[in-house]
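structure37.pdb follows; it contains PDB, C-alpha atoms.
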ATOM      1  CA  MET D   1     -23.365 -54.342   9.260  1.00  0.00           C
ATOM      2  CA  GLY D   2     -22.987 -57.577  11.311  1.00  0.00           C
ATOM      3  CA  PHE D   3     -21.164 -58.376  14.500  1.00  0.00           C
ATOM      4  CA  ASN D   4     -17.369 -57.942  14.268  1.00  0.00           C
ATOM      5  CA  LEU D   5     -15.617 -60.182  16.818  1.00  0.00           C
ATOM      6  CA  SER D   6     -12.180 -58.599  16.304  1.00  0.00           C
ATOM      7  CA  GLU D   7     -13.519 -55.113  16.933  1.00  0.00           C
ATOM      8  CA  TRP D   8     -15.385 -56.305  20.043  1.00  0.00           C
ATOM      9  CA  ALA D   9     -12.209 -58.023  21.382  1.00  0.00           C
ATOM     10  CA  LEU D  10     -10.163 -54.856  20.854  1.00  0.00           C
ATOM     11  CA  ARG D  11     -12.758 -52.796  22.728  1.00  0.00           C
ATOM     12  CA  HIS D  12     -12.905 -55.292  25.631  1.00  0.00           C
ATOM     13  CA  ARG D  13      -9.229 -56.171  26.029  1.00  0.00           C
ATOM     14  CA  SER D  14      -9.295 -56.746  29.771  1.00  0.00           C
ATOM     15  CA  PHE D  15     -12.165 -59.228  29.478  1.00  0.00           C
ATOM     16  CA  VAL D  16     -10.392 -61.109  26.642  1.00  0.00           C
ATOM     17  CA  VAL D  17      -7.167 -61.303  28.695  1.00  0.00           C
ATOM     18  CA  TYR D  18      -9.185 -62.583  31.663  1.00  0.00           C
ATOM     19  CA  LEU D  19     -10.764 -65.316  29.479  1.00  0.00           C
ATOM     20  CA  MET D  20      -7.323 -66.336  28.136  1.00  0.00           C
ATOM     21  CA  ILE D  21      -5.836 -66.603  31.649  1.00  0.00           C
ATOM     22  CA  ALA D  22      -8.892 -68.514  32.895  1.00  0.00           C
ATOM     23  CA  SER D  23      -8.651 -70.923  29.926  1.00  0.00           C
ATOM     24  CA  ILE D  24      -4.947 -71.552  30.559  1.00  0.00           C
ATOM     25  CA  PHE D  25      -5.586 -72.147  34.268  1.00  0.00           C
ATOM     26  CA  ALA D  26      -8.487 -74.523  33.515  1.00  0.00           C
ATOM     27  CA  GLY D  27      -6.340 -76.430  31.011  1.00  0.00           C
ATOM     28  CA  MET D  28      -3.445 -76.796  33.492  1.00  0.00           C
ATOM     29  CA  THR D  29      -5.830 -77.961  36.218  1.00  0.00           C
ATOM     30  CA  SER D  30      -7.447 -80.503  33.889  1.00  0.00           C
ATOM     31  CA  PHE D  31      -4.048 -81.794  32.761  1.00  0.00           C
ATOM     32  CA  ARG D  32      -2.910 -82.339  36.355  1.00  0.00           C
ATOM     33  CA  SER D  33      -6.068 -84.288  37.186  1.00  0.00           C
ATOM     34  CA  LEU D  34      -5.733 -86.671  34.202  1.00  0.00           C
ATOM     35  CA  GLY D  35      -5.482 -90.324  35.180  1.00  0.00           C
ATOM     36  CA  ARG D  36      -2.125 -91.966  34.667  1.00  0.00           C
ATOM     37  CA  ASN D  37      -1.707 -95.666  34.033  1.00  0.00           C
ATOM     38  CA  GLU D  38       1.815 -96.569  35.113  1.00  0.00           C
ATOM     39  CA  ASP D  39       1.593-100.095  33.730  1.00  0.00           C
ATOM     40  CA  PRO D  40      -0.317-100.200  30.446  1.00  0.00           C
ATOM     41  CA  ALA D  41      -2.931-102.899  29.887  1.00  0.00           C
ATOM     42  CA  PHE D  42      -1.029-104.557  27.029  1.00  0.00           C
ATOM     43  CA  VAL D  43       2.173-106.559  26.889  1.00  0.00           C
ATOM     44  CA  ILE D  44       4.586-106.824  23.993  1.00  0.00           C
ATOM     45  CA  LYS D  45       6.977-109.671  24.634  1.00  0.00           C
ATOM     46  CA  THR D  46      10.325-109.105  22.994  1.00  0.00           C
ATOM     47  CA  MET D  47      13.457-111.135  23.533  1.00  0.00           C
ATOM     48  CA  ILE D  48      16.771-109.518  22.659  1.00  0.00           C
ATOM     49  CA  VAL D  49      19.754-111.811  22.204  1.00  0.00           C
ATOM     50  CA  GLN D  50      23.181-110.260  21.933  1.00  0.00           C
ATOM     51  CA  ALA D  51      26.394-112.225  21.456  1.00  0.00           C
ATOM     52  CA  ALA D  52      29.957-110.959  21.197  1.00  0.00           C
ATOM     53  CA  TRP D  53      32.922-112.669  19.555  1.00  0.00           C
ATOM     54  CA  PRO D  54      35.826-110.222  19.844  1.00  0.00           C
ATOM     55  CA  GLY D  55      38.166-110.247  16.857  1.00  0.00           C
ATOM     56  CA  ALA D  56      35.834-112.177  14.524  1.00  0.00           C
ATOM     57  CA  THR D  57      35.113-110.950  11.031  1.00  0.00           C
ATOM     58  CA  ILE D  58      31.593-110.091   9.970  1.00  0.00           C
ATOM     59  CA  ASN D  59      31.441-113.285   7.883  1.00  0.00           C
ATOM     60  CA  ASP D  60      32.531-115.470  10.827  1.00  0.00           C
ATOM     61  CA  THR D  61      30.051-113.760  13.136  1.00  0.00           C
ATOM     62  CA  LEU D  62      27.250-114.166  10.613  1.00  0.00           C
ATOM     63  CA  LEU D  63      27.898-117.837   9.837  1.00  0.00           C
ATOM     64  CA  GLN D  64      29.018-119.138  13.232  1.00  0.00           C
ATOM     65  CA  VAL D  65      26.856-117.096  15.598  1.00  0.00           C
ATOM     66  CA  THR D  66      23.960-115.214  14.015  1.00  0.00           C
ATOM     67  CA  GLU D  67      22.614-117.982  11.782  1.00  0.00           C
ATOM     68  CA  ARG D  68      22.817-120.617  14.534  1.00  0.00           C
ATOM     69  CA  ILE D  69      20.993-118.438  17.045  1.00  0.00           C
ATOM     70  CA  GLU D  70      18.362-117.496  14.454  1.00  0.00           C
ATOM     71  CA  ARG D  71      17.723-121.172  13.628  1.00  0.00           C
ATOM     72  CA  THR D  72      17.238-121.946  17.304  1.00  0.00           C
ATOM     73  CA  LEU D  73      14.966-118.950  17.872  1.00  0.00           C
ATOM     74  CA  GLN D  74      12.802-119.894  14.882  1.00  0.00           C
ATOM     75  CA  GLU D  75      11.852-123.041  16.804  1.00  0.00           C
ATOM     76  CA  THR D  76      10.235-121.038  19.615  1.00  0.00           C
ATOM     77  CA  PRO D  77       6.423-121.070  19.582  1.00  0.00           C
ATOM     78  CA  ASN D  78       4.406-118.138  18.167  1.00  0.00           C
ATOM     79  CA  LEU D  79       7.299-116.403  16.442  1.00  0.00           C
ATOM     80  CA  ASP D  80       5.992-113.241  14.792  1.00  0.00           C
ATOM     81  CA  PHE D  81       9.094-111.295  13.927  1.00  0.00           C
ATOM     82  CA  LEU D  82      12.828-112.008  13.921  1.00  0.00           C
ATOM     83  CA  ARG D  83      15.421-109.413  12.956  1.00  0.00           C
ATOM     84  CA  SER D  84      19.167-109.520  13.394  1.00  0.00           C
ATOM     85  CA  TYR D  85      21.925-106.964  13.124  1.00  0.00           C
ATOM     86  CA  THR D  86      25.462-108.227  12.672  1.00  0.00           C
ATOM     87  CA  SER D  87      28.716-106.312  12.802  1.00  0.00           C
ATOM     88  CA  PRO D  88      32.283-107.647  13.101  1.00  0.00           C
ATOM     89  CA  GLY D  89      32.386-109.579  16.374  1.00  0.00           C
ATOM     90  CA  LEU D  90      28.873-108.618  17.538  1.00  0.00           C
ATOM     91  CA  THR D  91      25.350-109.784  16.736  1.00  0.00           C
ATOM     92  CA  THR D  92      22.020-108.549  18.074  1.00  0.00           C
ATOM     93  CA  ILE D  93      18.788-110.451  17.401  1.00  0.00           C
ATOM     94  CA  PHE D  94      15.265-109.236  18.200  1.00  0.00           C
ATOM     95  CA  HIS D  95      12.525-111.868  18.678  1.00  0.00           C
ATOM     96  CA  LEU D  96       8.936-110.636  18.872  1.00  0.00           C
ATOM     97  CA  ALA D  97       6.194-113.067  19.905  1.00  0.00           C
ATOM     98  CA  GLU D  98       2.886-113.287  18.053  1.00  0.00           C
ATOM     99  CA  ARG D  99       0.333-110.676  19.102  1.00  0.00           C
ATOM    100  CA  THR D 100      -3.399-111.260  19.316  1.00  0.00           C
ATOM    101  CA  SER D 101      -6.112-108.684  19.858  1.00  0.00           C
ATOM    102  CA  ILE D 102      -8.674-109.351  22.586  1.00  0.00           C
ATOM    103  CA  SER D 103     -11.498-106.793  22.913  1.00  0.00           C
ATOM    104  CA  GLY D 104      -9.428-103.935  21.544  1.00  0.00           C
ATOM    105  CA  VAL D 105      -6.458-104.593  23.847  1.00  0.00           C
ATOM    106  CA  GLU D 106      -3.332-105.994  22.284  1.00  0.00           C
ATOM    107  CA  ARG D 107      -1.897-108.968  24.123  1.00  0.00           C
ATOM    108  CA  THR D 108       0.949-111.359  23.508  1.00  0.00           C
ATOM    109  CA  SER D 109       0.340-115.061  23.861  1.00  0.00           C
ATOM    110  CA  GLY D 110       2.339-118.239  23.853  1.00  0.00           C
ATOM    111  CA  CYS D 111       5.894-117.096  24.341  1.00  0.00           C
ATOM    112  CA  GLY D 112       7.415-118.208  27.616  1.00  0.00           C
ATOM    113  CA  THR D 113       9.714-116.068  29.696  1.00  0.00           C
ATOM    114  CA  GLU D 114      12.579-118.504  29.501  1.00  0.00           C
ATOM    115  CA  ALA D 115      15.188-118.444  26.756  1.00  0.00           C
ATOM    116  CA  PRO D 116      16.085-121.695  24.991  1.00  0.00           C
ATOM    117  CA  ILE D 117      18.448-123.764  27.141  1.00  0.00           C
ATOM    118  CA  GLN D 118      20.970-124.424  24.382  1.00  0.00           C
ATOM    119  CA  VAL D 119      21.220-121.419  22.109  1.00  0.00           C
ATOM    120  CA  ILE D 120      24.250-122.494  20.066  1.00  0.00           C
ATOM    121  CA  ALA D 121      24.129-126.119  18.982  1.00  0.00           C
TER     122      ALA D 121
END
This structure in structure tokens:
Amino acid sequence: MGFNLSEWALRHRSFVVYLMIASIFAGMTSFRSLGRNEDPAFVIKTMIVQAAWPGATINDTLLQVTERIERTLQETPNLDFLRSYTSPGLTTIFHLAERTSISGVERTSGCGTEAPIQVIA
């Protein structure tokens, strides 16, 4: 008959408990010594535009606010993604700049930090 690990562990309970406690302690110590990068090495540039028009219907908000802002934002360089959410009297638009990969690190290029000067024409 071969070696039975379960039987051996039951016969040497104190040693097994010691190994479990030592493993937990080693894991906690290793976790505490892990390096932490507070500012990651990649940048995702997102611009969020939110406009409110209290009392407006969803149709008015969509036609008068959302579509005009979207048209203006589509003129910004390196547009990758544009999504808008419109509810009565409120619109929220997310603008994500184009991402490029440089040596395995994702970086955003081309989108300035300034919003368009005249959002609603």
Answer key for the PyMOL selection byres ((chain D and resi 54-58) around 8), residues as a list of chain:residue names: D:Ala52, D:Trp53, D:Asn59, D:Asp60, D:Thr61, D:Leu62, D:Thr86, D:Ser87, D:Pro88, D:Gly89, D:Leu90
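One finds CA of His95 in chain D at 7.3 Å from CA of Leu79 in chain D.
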Any chance you could work out the residue set of the PyMOL selection byres ((chain D and resi 64-67) around 8) here, as a PyMOL selection string? chain D and resi 51+60-63+68-71+84+86+91+93+120
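Applied to the file shown here, the PyMOL selection byres ((chain D and resi 96) around 7) selects the residues Lys45, Thr46, Met47, Leu79, Asp80, Phe81, Leu82, Phe94, His95, Ala97 and Glu98 of chain D.
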Straight-line distance linking CA of Phe15 in chain D with CA of Thr29 in chain D, stated in Å to one decimal: 20.9 Å
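One finds CA of Met20 in chain D at 19.1 Å from CA of Asn4 in chain D.
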